[in-house]
Amino acid sequence: MKRTLMILLRNPLSAFGVLLVATVVLSALLADFIAPFPEHRGAVVDFANFNRAPEWPHLMGTDLVGRDLFSRILYAYRISLLLGVVVLSIAVPIGVTIGLLAGYLGGRAEYVLMRITDVFLSIPPLVLAMSIMGVLEPTLTNGMLAVTAMWWPWYARLVYNITRGEKEEGYVLAAEVIGASRAWVMFREILPNCVPSIVTKMTLDMGFVILIASSLSFLGLGVQPPTPDLGSMVADGATYLPDSWWLTVFPGLAILIAVFGFNLVGDALRELLGAEQ
Amino acid sequence: MPALARLILWRLVTSLIVLVGVSMLIFAIARVIPGDPARIALGPNATPDQIEQLRDRLNLDEPIVVQYGIFLRDLSRGDLGTSLYTNRPVTTDIAQFLPATLELIMISGAMMILIGLPLGALSARYRDTWIDSLIRVVSLLGVSAPAFVWAVILMLLFAYFLPIFPVSGRLSEAHDIPRVTGFLLIDTLHAGNLAAFRNAAAHLVLPAFALALSGIGQAARLTRSNMIETYEKPYIEMAQSYGFPERRIARRYAFKPSLIPSLTIIGLDFAAMLGNAFLVEAVFAWPGLSRYGVEVILRKDLNAIVGTVLIISATFLIVNMIVDLALGIINPRIRHSQRSS
């Protein structure tokens with residue numbers, strides 16, 4: 001762990017990625033202390049200061065009801081990261097288990113499980129999440145549910161592909177010969193060999209979950225106001241282009257910075273751990 | 001080519017199975033709506049009588065399996081039901097909005113292939129030089145922002161700041177083009193109106209590029225890593241030791257085998273584009289399936305939701321089949337492996 005971090009910091013590009021990720025995570029955690037106007041995370045109005053261009057003390061300007069954009073972006077990071085962590089901690093175990101089962105058991109189980117996975121992969125991710133969000137009430141919990149539903153198949157695919165290769169390897173045959181149970185072979189022998197690929201994909205996916213979640217709320221199908229959310233901030237500001245550019249540009253850049261950071265780190269991890277794509 | 005014919009048949013059967021699965025999944029999602037869809041659709045002022053009528057028309061009182069059966073029966077006649085939002089057949093609505101979306105996606109897909117693949121190849125050939133670093137950072141940036149952020153940025157830069165391209169829409173109002181296919185690039189040419197064609201093309205540039213950016217990044221990244229892997233193969237070394245020109249080695253020996261994995265991913269990226277088109281269309285007021293899709297989802301218009309998602313998924317499956325076939329034709333290993341099995 002420590003060694004990995006040291007290697008990451010030695011390459012300027014991945015060091016920059018680590019810096020971006022650290023900045024995003026710290027701004028989310030310390031939003032209460034950094035934000036100049038912490039009360040602006042909620043339903044506050046300050047019509048005396050609405051729609052102001054960036055100037056002190058509003059580093060990134062104010063929104064249409066006079067809230068400080070910089071403060072709201074910090075709190076939006078908090079929601080985005082929370083969403084990413086929750087989605088991945090549910091989707092990854094589900095996908096990994098299905099991938100292991102399909103890859104190791106083979107036969108009918110393989111066919112059925114992989115066709116189900118194909119079904120989920122055949123609906124464009126955003127469209128699937130949109131339709132789930134559409135029938136449910138647009139709350140944060142349901143948003144997590146919708147994104148989770150579209151996320152597990154990718155891990156099923158990844159682990160399935162690795163498992164199919166690994167199950168012919170000597171160590172798996174050896175375990176089988178000495179009478180290890182199927183569950184033991186799958187979870188104690190094969191799974192550890194999938195970990196580098198899974199960790200790499202999870203790093204990249206932290207960024208992509210943030211991206212998809214912001215897309216949902218951009219369409220009005222995600223986190224609802226007054227909760228600060230990067231996607232809905234861009235959507236609210238889009239009608240005021242080009243004059244009030246700060247309403248869209250800063251939340252947009254905030255998404256870009258977070259996703260770019262996770263991508264840089266994930267990319268470096270992939271090369272370091274020799275993970276499969 | 002019987003092997004290829006068998007491949008086509010096999011793909012067709014699998015796709016059909018998957019499509020049936022998709023219809024079940026989306027049908028199930030649409031029917032677990034909390035609350036009464038008929039009441040939601042009719043609004044708070046509807047009388048119990050009207051609600052009962054609509055429930056009856058939508059067969060909502062039947063068990064869900066029967067409802068699905070009725071849905072399949074209608075589907076086989078090309079009937080997706082009536083939209084509660086527009087009060088027209090869902091197929092009519094989709095036929096009106098789909099061409100605009102498809103036109104946008106096709107141009108984006110072309111940009112993805114024509115820009116992404118060469119960028120990746122260039123990056124691999126000049127590995128570890130400044131060209132490589134630049135292309136890597138740019139393609140990573142491309143995948144790091146949702147399409148709507150790129151749409152907003154491109155619009156600010158090239159429609160407002162430097163007014164090169166139109167801000168929104170598909171065609172300026174000055175041009176009146178009879179609708180034949182719904183694809184404006186074709187319709188304008190069909191009408192023989194070159195000015196309108198140029199106008200439609202100009203309207204396409206920014207939305208298509210915003211939509212393509214993440215795909216371009218993805219394609220470039222993948223092509224680069226595949227080509228670098230290929231460069232380590234012994235036959236490249238042999239070609240180099242024979243003194244073949246680098247350009248020819250890059251094109252003929254390194255690029256071609258790397259195309260195969262790239263094409264597979266391009267098929268998947270196309271799926272992402274079908275979804276992301278919703279985001280770009282919203283920014284550029286593009287009159288495609290997006291506004292309709294979001295509207296019917298917000299109004300819980302069951303028939304329209306099921307129909308829209310089904311059509312989008314079918315489009316995706318068709319594209320993936322085409323990609324698979326293209327792979328079968330390009331890759332001798334796939335072409336011949338079917339014969340032996």
# chains A, B, ... in the order shown; residues from 1 in each chain; ligands from 1

$ select_by_dssp --residues "stretch 48-271 of chain A" --states "helix (DSSP H, G or I)" --output "JSON, numbers by chain"
{"A": [48, 49, 69, 70, 71, 72, 73, 74, 75, 76, 77, 78, 79, 80, 81, 82, 83, 84, 85, 86, 87, 88, 89, 90, 91, 92, 93, 94, 95, 96, 97, 98, 99, 100, 101, 102, 103, 104, 105, 107, 108, 109, 110, 111, 112, 113, 114, 115, 116, 117, 118, 119, 120, 121, 122, 125, 126, 127, 128, 129, 130, 131, 132, 133, 134, 135, 140, 141, 142, 143, 144, 145, 146, 147, 148, 149, 150, 151, 152, 153, 154, 155, 156, 157, 158, 159, 160, 161, 162, 163, 164, 165, 166, 170, 171, 172, 173, 174, 175, 176, 177, 182, 183, 184, 185, 186, 187, 188, 189, 190, 191, 192, 193, 194, 195, 196, 197, 198, 199, 200, 201, 202, 203, 204, 205, 206, 207, 208, 209, 210, 211, 212, 213, 214, 215, 216, 217, 218, 230, 231, 232, 233, 234, 235, 236, 237, 238, 246, 247, 248, 249, 250, 251, 252, 253, 254, 255, 256, 257, 258, 259, 260, 261, 262, 263, 264, 265, 266, 267, 268, 269, 270, 271]}

$ interface_residues --of "chain B" --to "chain A" --cutoff "9 Å" --atoms "only C-alpha atoms" --output "PyMOL selection string"
chain B and resi 14+17-22+25-26+29-34+137+140-141+143-150+152-153+155-156+160-161+268+270-276+278-279+282-283+294+296-300+305-306+309-310+312-314+316-317

$ residues_around --residues "stretch 190-197 of chain B" --least-positions-apart "2" --cutoff "8 Å" --atoms "only C-alpha atoms" --output "ChimeraX atom specification"
/B:171,175,177-178,184-188,199-201

$ residues_around --residues "B:Gly142" --least-positions-apart "6" --cutoff "9 Å" --atoms "only C-alpha atoms" --output "PDB file with C-alpha atoms, in the first residue's frame"
ATOM      1  CA  TRP B 150     -18.342  19.427 -23.039  1.00  0.00           C
ATOM      2  CA  ALA B 212     -18.043  12.106 -29.520  1.00  0.00           C
ATOM      3  CA  LEU B 213     -15.366  13.449 -27.162  1.00  0.00           C
ATOM      4  CA  SER B 214     -15.492  10.680 -24.599  1.00  0.00           C
ATOM      5  CA  GLY B 215     -15.644   8.050 -27.330  1.00  0.00           C
ATOM      6  CA  ILE B 216     -12.665   9.633 -29.095  1.00  0.00           C
ATOM      7  CA  GLY B 217     -10.715   9.496 -25.842  1.00  0.00           C
ATOM      8  CA  GLN B 218     -11.739   5.912 -25.220  1.00  0.00           C
TER       9      GLN B 218
END

$ residues_around --residues "B:Ile94" --least-positions-apart "5" --cutoff "12 Å" --atoms "only C-alpha atoms" --output "PyMOL selection string"
chain B and resi 79-83+86+88-89+99-102+182+287-293+296+303-312

$ write_last_selection --atoms "N, CA and C atoms" --output "CSV table (one decimal), in the first residue's frame"
chain,number,residue,atom,x,y,z
B,79,ASP,N,-47.1,-2.7,-32.8
B,79,ASP,CA,-47.9,-1.7,-32.0
B,79,ASP,C,-47.3,-1.6,-30.6
B,80,LEU,N,-46.9,-0.4,-30.2
B,80,LEU,CA,-46.3,-0.2,-28.9
B,80,LEU,C,-47.3,0.5,-28.0
B,81,GLY,N,-48.5,0.6,-28.4
B,81,GLY,CA,-49.5,1.3,-27.5
B,81,GLY,C,-49.6,2.8,-27.8
B,82,THR,N,-50.4,3.4,-27.0
B,82,THR,CA,-50.6,4.9,-27.2
B,82,THR,C,-49.9,5.6,-26.1
B,83,SER,N,-49.2,6.7,-26.4
B,83,SER,CA,-48.6,7.5,-25.4
B,83,SER,C,-49.6,8.3,-24.6
B,86,THR,N,-48.6,12.3,-25.4
B,86,THR,CA,-48.9,13.0,-26.7
B,86,THR,C,-50.2,12.5,-27.2
B,88,ARG,N,-50.7,9.9,-29.0
B,88,ARG,CA,-50.5,9.4,-30.3
B,88,ARG,C,-49.9,8.0,-30.1
B,89,PRO,N,-49.9,7.1,-31.2
B,89,PRO,CA,-49.2,5.9,-31.0
B,89,PRO,C,-47.7,6.1,-30.7
B,99,PRO,N,-35.1,9.9,-36.0
B,99,PRO,CA,-34.1,10.2,-37.0
B,99,PRO,C,-33.1,11.3,-36.5
B,100,ALA,N,-33.6,12.3,-35.8
B,100,ALA,CA,-32.7,13.4,-35.4
B,100,ALA,C,-31.6,12.9,-34.5
B,101,THR,N,-32.0,12.0,-33.6
B,101,THR,CA,-31.0,11.4,-32.7
B,101,THR,C,-30.1,10.5,-33.4
B,102,LEU,N,-30.6,9.7,-34.3
B,102,LEU,CA,-29.7,8.8,-35.1
B,102,LEU,C,-28.7,9.5,-35.9
B,182,GLY,N,-36.2,12.2,-42.5
B,182,GLY,CA,-36.0,12.7,-41.2
B,182,GLY,C,-34.6,13.0,-40.9
B,287,PRO,N,-33.9,18.6,-31.5
B,287,PRO,CA,-35.3,18.0,-31.4
B,287,PRO,C,-35.3,16.5,-31.6
B,288,GLY,N,-34.6,15.7,-30.8
B,288,GLY,CA,-34.5,14.3,-30.9
B,288,GLY,C,-35.3,13.6,-29.9
B,289,LEU,N,-34.9,12.3,-29.6
B,289,LEU,CA,-35.7,11.5,-28.7
B,289,LEU,C,-35.6,11.9,-27.3
B,290,SER,N,-34.6,12.8,-27.0
B,290,SER,CA,-34.2,13.1,-25.6
B,290,SER,C,-35.4,13.8,-24.9
B,291,ARG,N,-35.9,14.9,-25.4
B,291,ARG,CA,-36.9,15.6,-24.7
B,291,ARG,C,-38.1,14.8,-24.5
B,292,TYR,N,-38.4,14.0,-25.6
B,292,TYR,CA,-39.6,13.1,-25.5
B,292,TYR,C,-39.3,12.1,-24.3
B,293,GLY,N,-38.1,11.5,-24.4
B,293,GLY,CA,-37.8,10.4,-23.4
B,293,GLY,C,-37.9,11.0,-21.9
B,296,VAL,N,-41.6,11.7,-21.0
B,296,VAL,CA,-42.4,10.6,-20.7
B,296,VAL,C,-42.0,9.9,-19.4
B,303,ASN,N,-46.4,3.2,-21.6
B,303,ASN,CA,-46.2,2.7,-22.9
B,303,ASN,C,-45.0,3.4,-23.6
B,304,ALA,N,-44.9,4.7,-23.4
B,304,ALA,CA,-43.9,5.4,-24.1
B,304,ALA,C,-42.5,5.1,-23.5
B,305,ILE,N,-42.4,4.9,-22.2
B,305,ILE,CA,-41.1,4.5,-21.6
B,305,ILE,C,-40.7,3.2,-22.1
B,306,VAL,N,-41.6,2.2,-22.1
B,306,VAL,CA,-41.2,0.9,-22.5
B,306,VAL,C,-40.8,0.9,-24.0
B,307,GLY,N,-41.6,1.6,-24.8
B,307,GLY,CA,-41.3,1.7,-26.2
B,307,GLY,C,-39.9,2.3,-26.5
B,308,THR,N,-39.7,3.5,-25.9
B,308,THR,CA,-38.5,4.2,-26.1
B,308,THR,C,-37.2,3.4,-25.7
B,309,VAL,N,-37.3,2.8,-24.5
B,309,VAL,CA,-36.1,2.0,-24.1
B,309,VAL,C,-35.9,0.8,-25.0
B,310,LEU,N,-37.0,0.2,-25.4
B,310,LEU,CA,-36.9,-1.0,-26.3
B,310,LEU,C,-36.2,-0.6,-27.6
B,311,ILE,N,-36.7,0.5,-28.2
B,311,ILE,CA,-36.1,0.9,-29.5
B,311,ILE,C,-34.6,1.2,-29.3
B,312,ILE,N,-34.3,2.0,-28.3
B,312,ILE,CA,-32.9,2.3,-28.1
B,312,ILE,C,-32.0,1.0,-27.9

$ select_by_dssp --residues "stretch 49-195 of chain A" --states "strand (DSSP E or B)" --output "VMD selection string"
chain A and resid 55 58 62 68

$ write_last_selection --atoms "all heavy atoms" --output "PDB file, in the first residue's frame"
ATOM      1  N   GLU A  55     -16.344  37.420  -7.623  1.00  0.00           N
ATOM      2  CA  GLU A  55     -15.616  38.527  -7.003  1.00  0.00           C
ATOM      3  C   GLU A  55     -15.600  38.245  -5.503  1.00  0.00           C
ATOM      4  O   GLU A  55     -16.446  37.515  -4.997  1.00  0.00           O
ATOM      5  CB  GLU A  55     -16.295  39.871  -7.290  1.00  0.00           C
ATOM      6  CG  GLU A  55     -17.720  39.912  -6.776  1.00  0.00           C
ATOM      7  CD  GLU A  55     -18.370  41.280  -6.914  1.00  0.00           C
ATOM      8  OE1 GLU A  55     -17.720  42.203  -7.406  1.00  0.00           O
ATOM      9  OE2 GLU A  55     -19.524  41.407  -6.519  1.00  0.00           O
ATOM     10  N   HIS A  58     -17.230  36.025  -3.048  1.00  0.00           N
ATOM     11  CA  HIS A  58     -17.785  34.883  -3.769  1.00  0.00           C
ATOM     12  C   HIS A  58     -16.822  34.491  -4.879  1.00  0.00           C
ATOM     13  O   HIS A  58     -16.926  34.982  -6.002  1.00  0.00           O
ATOM     14  CB  HIS A  58     -19.165  35.216  -4.332  1.00  0.00           C
ATOM     15  CG  HIS A  58     -20.140  35.602  -3.279  1.00  0.00           C
ATOM     16  ND1 HIS A  58     -20.644  34.698  -2.375  1.00  0.00           N
ATOM     17  CD2 HIS A  58     -20.702  36.798  -2.963  1.00  0.00           C
ATOM     18  CE1 HIS A  58     -21.476  35.312  -1.548  1.00  0.00           C
ATOM     19  NE2 HIS A  58     -21.523  36.596  -1.874  1.00  0.00           N
ATOM     20  N   THR A  62     -22.242  33.839  -7.485  1.00  0.00           N
ATOM     21  CA  THR A  62     -23.389  33.336  -6.728  1.00  0.00           C
ATOM     22  C   THR A  62     -24.436  32.813  -7.703  1.00  0.00           C
ATOM     23  O   THR A  62     -24.431  33.174  -8.883  1.00  0.00           O
ATOM     24  CB  THR A  62     -24.037  34.441  -5.879  1.00  0.00           C
ATOM     25  OG1 THR A  62     -24.543  35.449  -6.762  1.00  0.00           O
ATOM     26  CG2 THR A  62     -23.038  35.048  -4.924  1.00  0.00           C
ATOM     27  N   ASP A  68     -23.605  31.153  -2.479  1.00  0.00           N
ATOM     28  CA  ASP A  68     -22.209  31.118  -2.878  1.00  0.00           C
ATOM     29  C   ASP A  68     -21.908  29.806  -3.610  1.00  0.00           C
ATOM     30  O   ASP A  68     -22.047  28.727  -3.038  1.00  0.00           O
ATOM     31  CB  ASP A  68     -21.331  31.238  -1.629  1.00  0.00           C
ATOM     32  CG  ASP A  68     -19.853  31.213  -1.969  1.00  0.00           C
ATOM     33  OD1 ASP A  68     -19.444  31.986  -2.845  1.00  0.00           O
ATOM     34  OD2 ASP A  68     -19.128  30.403  -1.371  1.00  0.00           O
TER      35      ASP A  68
END

$ residues_around --residues "A:Leu88" --least-positions-apart "4" --cutoff "10 Å" --atoms "only C-alpha atoms" --output "mmCIF file with all heavy atoms, in the first residue's frame"
data_model
loop_
_atom_site.group_PDB
_atom_site.id
_atom_site.type_symbol
_atom_site.label_atom_id
_atom_site.label_comp_id
_atom_site.auth_asym_id
_atom_site.auth_seq_id
_atom_site.Cartn_x
_atom_site.Cartn_y
_atom_site.Cartn_z
ATOM 1 N N LEU A 83 -22.139 8.942 -2.828
ATOM 2 C CA LEU A 83 -22.837 8.137 -3.810
ATOM 3 C C LEU A 83 -21.899 7.106 -4.427
ATOM 4 O O LEU A 83 -22.224 5.925 -4.540
ATOM 5 C CB LEU A 83 -23.391 9.065 -4.890
ATOM 6 C CG LEU A 83 -24.611 8.578 -5.623
ATOM 7 C CD1 LEU A 83 -25.603 9.707 -5.716
ATOM 8 C CD2 LEU A 83 -24.258 8.095 -6.998
ATOM 9 N N GLY A 84 -20.692 7.562 -4.796
ATOM 10 C CA GLY A 84 -19.728 6.644 -5.399
ATOM 11 C C GLY A 84 -19.381 5.498 -4.475
ATOM 12 O O GLY A 84 -19.390 4.333 -4.877
ATOM 13 N N VAL A 92 -20.049 -3.942 -6.510
ATOM 14 C CA VAL A 92 -18.878 -4.788 -6.715
ATOM 15 C C VAL A 92 -19.070 -6.204 -6.154
ATOM 16 O O VAL A 92 -18.855 -7.176 -6.883
ATOM 17 C CB VAL A 92 -17.616 -4.103 -6.152
ATOM 18 C CG1 VAL A 92 -16.424 -5.036 -6.224
ATOM 19 C CG2 VAL A 92 -17.336 -2.832 -6.928
ATOM 20 N N PRO A 93 -19.508 -6.379 -4.883
ATOM 21 C CA PRO A 93 -19.704 -7.755 -4.412
ATOM 22 C C PRO A 93 -20.702 -8.539 -5.256
ATOM 23 O O PRO A 93 -20.467 -9.708 -5.563
ATOM 24 C CB PRO A 93 -20.241 -7.565 -2.987
ATOM 25 C CG PRO A 93 -19.812 -6.210 -2.583
ATOM 26 C CD PRO A 93 -19.744 -5.384 -3.821
ATOM 27 N N ILE A 94 -21.783 -7.890 -5.673
ATOM 28 C CA ILE A 94 -22.772 -8.599 -6.501
ATOM 29 C C ILE A 94 -22.138 -9.040 -7.819
ATOM 30 O O ILE A 94 -22.188 -10.218 -8.194
ATOM 31 C CB ILE A 94 -23.993 -7.682 -6.796
ATOM 32 C CG1 ILE A 94 -24.708 -7.320 -5.496
ATOM 33 C CG2 ILE A 94 -24.955 -8.369 -7.754
ATOM 34 C CD1 ILE A 94 -25.869 -6.367 -5.690
ATOM 35 N N MET A 144 -28.916 6.102 -5.830
ATOM 36 C CA MET A 144 -27.877 5.097 -5.614
ATOM 37 C C MET A 144 -28.337 3.751 -6.144
ATOM 38 O O MET A 144 -27.582 3.031 -6.779
ATOM 39 C CB MET A 144 -27.583 4.975 -4.119
ATOM 40 C CG MET A 144 -26.894 6.195 -3.545
ATOM 41 S SD MET A 144 -26.744 6.026 -1.767
ATOM 42 C CE MET A 144 -25.964 7.582 -1.371
ATOM 43 N N VAL A 147 -28.173 3.673 -10.006
ATOM 44 C CA VAL A 147 -26.816 3.576 -10.533
ATOM 45 C C VAL A 147 -26.216 2.205 -10.227
ATOM 46 O O VAL A 147 -25.512 1.622 -11.049
ATOM 47 C CB VAL A 147 -25.935 4.715 -9.987
ATOM 48 C CG1 VAL A 147 -24.532 4.625 -10.552
ATOM 49 C CG2 VAL A 147 -26.534 6.068 -10.340
ATOM 50 N N THR A 148 -26.546 1.657 -9.052
ATOM 51 C CA THR A 148 -26.045 0.317 -8.707
ATOM 52 C C THR A 148 -26.562 -0.717 -9.706
ATOM 53 O O THR A 148 -25.824 -1.593 -10.153
ATOM 54 C CB THR A 148 -26.497 -0.082 -7.295
ATOM 55 O OG1 THR A 148 -26.122 0.951 -6.396
ATOM 56 C CG2 THR A 148 -25.848 -1.377 -6.860
ATOM 57 N N TRP A 151 -24.501 -0.835 -12.640
ATOM 58 C CA TRP A 151 -23.054 -0.931 -12.481
ATOM 59 C C TRP A 151 -22.533 -2.353 -12.300
ATOM 60 O O TRP A 151 -21.437 -2.675 -12.713
ATOM 61 C CB TRP A 151 -22.564 -0.056 -11.324
ATOM 62 C CG TRP A 151 -21.356 0.685 -11.736
ATOM 63 C CD1 TRP A 151 -20.072 0.219 -11.703
ATOM 64 C CD2 TRP A 151 -21.289 1.969 -12.329
ATOM 65 N NE1 TRP A 151 -19.217 1.141 -12.232
ATOM 66 C CE2 TRP A 151 -19.937 2.221 -12.620
ATOM 67 C CE3 TRP A 151 -22.239 2.933 -12.651
ATOM 68 C CZ2 TRP A 151 -19.514 3.404 -13.213
ATOM 69 C CZ3 TRP A 151 -21.816 4.104 -13.230
ATOM 70 C CH2 TRP A 151 -20.468 4.333 -13.514
ATOM 71 N N TRP A 152 -23.294 -3.223 -11.610
ATOM 72 C CA TRP A 152 -22.760 -4.561 -11.301
ATOM 73 C C TRP A 152 -22.377 -5.374 -12.527
ATOM 74 O O TRP A 152 -21.396 -6.137 -12.470
ATOM 75 C CB TRP A 152 -23.718 -5.337 -10.389
ATOM 76 C CG TRP A 152 -25.017 -5.716 -11.045
ATOM 77 C CD1 TRP A 152 -26.188 -5.029 -11.000
ATOM 78 C CD2 TRP A 152 -25.257 -6.855 -11.868
ATOM 79 N NE1 TRP A 152 -27.139 -5.654 -11.749
ATOM 80 C CE2 TRP A 152 -26.596 -6.790 -12.293
ATOM 81 C CE3 TRP A 152 -24.469 -7.937 -12.296
ATOM 82 C CZ2 TRP A 152 -27.167 -7.736 -13.123
ATOM 83 C CZ3 TRP A 152 -25.047 -8.885 -13.134
ATOM 84 C CH2 TRP A 152 -26.397 -8.784 -13.535
ATOM 85 N N MET A 202 -12.280 -0.151 -9.735
ATOM 86 C CA MET A 202 -13.014 0.634 -8.739
ATOM 87 C C MET A 202 -12.500 2.071 -8.672
ATOM 88 O O MET A 202 -13.279 3.012 -8.515
ATOM 89 C CB MET A 202 -12.909 -0.031 -7.362
ATOM 90 C CG MET A 202 -13.834 -1.220 -7.206
ATOM 91 S SD MET A 202 -13.600 -2.072 -5.646
ATOM 92 C CE MET A 202 -14.330 -0.902 -4.515
ATOM 93 N N THR A 203 -11.181 2.228 -8.798
ATOM 94 C CA THR A 203 -10.623 3.586 -8.776
ATOM 95 C C THR A 203 -11.170 4.392 -9.947
ATOM 96 O O THR A 203 -11.627 5.528 -9.793
ATOM 97 C CB THR A 203 -9.094 3.539 -8.862
ATOM 98 O OG1 THR A 203 -8.618 2.548 -7.974
ATOM 99 C CG2 THR A 203 -8.487 4.870 -8.537
ATOM 100 N N ASP A 205 -13.830 3.778 -11.587
ATOM 101 C CA ASP A 205 -15.278 3.903 -11.498
ATOM 102 C C ASP A 205 -15.735 4.943 -10.490
ATOM 103 O O ASP A 205 -16.831 5.480 -10.615
ATOM 104 C CB ASP A 205 -15.913 2.549 -11.165
ATOM 105 C CG ASP A 205 -16.041 1.688 -12.411
ATOM 106 O OD1 ASP A 205 -15.703 2.198 -13.491
ATOM 107 O OD2 ASP A 205 -16.464 0.531 -12.307
ATOM 108 N N MET A 206 -14.921 5.234 -9.472
ATOM 109 C CA MET A 206 -15.298 6.320 -8.565
ATOM 110 C C MET A 206 -15.576 7.563 -9.397
ATOM 111 O O MET A 206 -16.555 8.277 -9.174
ATOM 112 C CB MET A 206 -14.163 6.615 -7.582
ATOM 113 C CG MET A 206 -14.261 5.944 -6.232
ATOM 114 S SD MET A 206 -15.834 6.148 -5.414
ATOM 115 C CE MET A 206 -15.690 7.810 -4.778
ATOM 116 N N VAL A 209 -18.843 6.943 -11.633
ATOM 117 C CA VAL A 209 -20.116 7.017 -10.905
ATOM 118 C C VAL A 209 -20.485 8.489 -10.698
ATOM 119 O O VAL A 209 -21.643 8.886 -10.881
ATOM 120 C CB VAL A 209 -20.038 6.281 -9.549
ATOM 121 C CG1 VAL A 209 -21.288 6.535 -8.734
ATOM 122 C CG2 VAL A 209 -19.873 4.791 -9.758
#

$ residues_around --residues "stretch 26-42 of chain A" --least-positions-apart "4" --cutoff "7 Å" --atoms "only C-alpha atoms" --output "list in words"
Ala22, Arg67, Asp68, Ser71, Arg72, Leu74, Tyr75, Tyr77, Arg78, Pro226, Thr227 and Pro228 of chain A

$ atom_distance --atom1 "atom CA of A:Val265" --atom2 "atom CA of A:Gly95"
22.6 Å
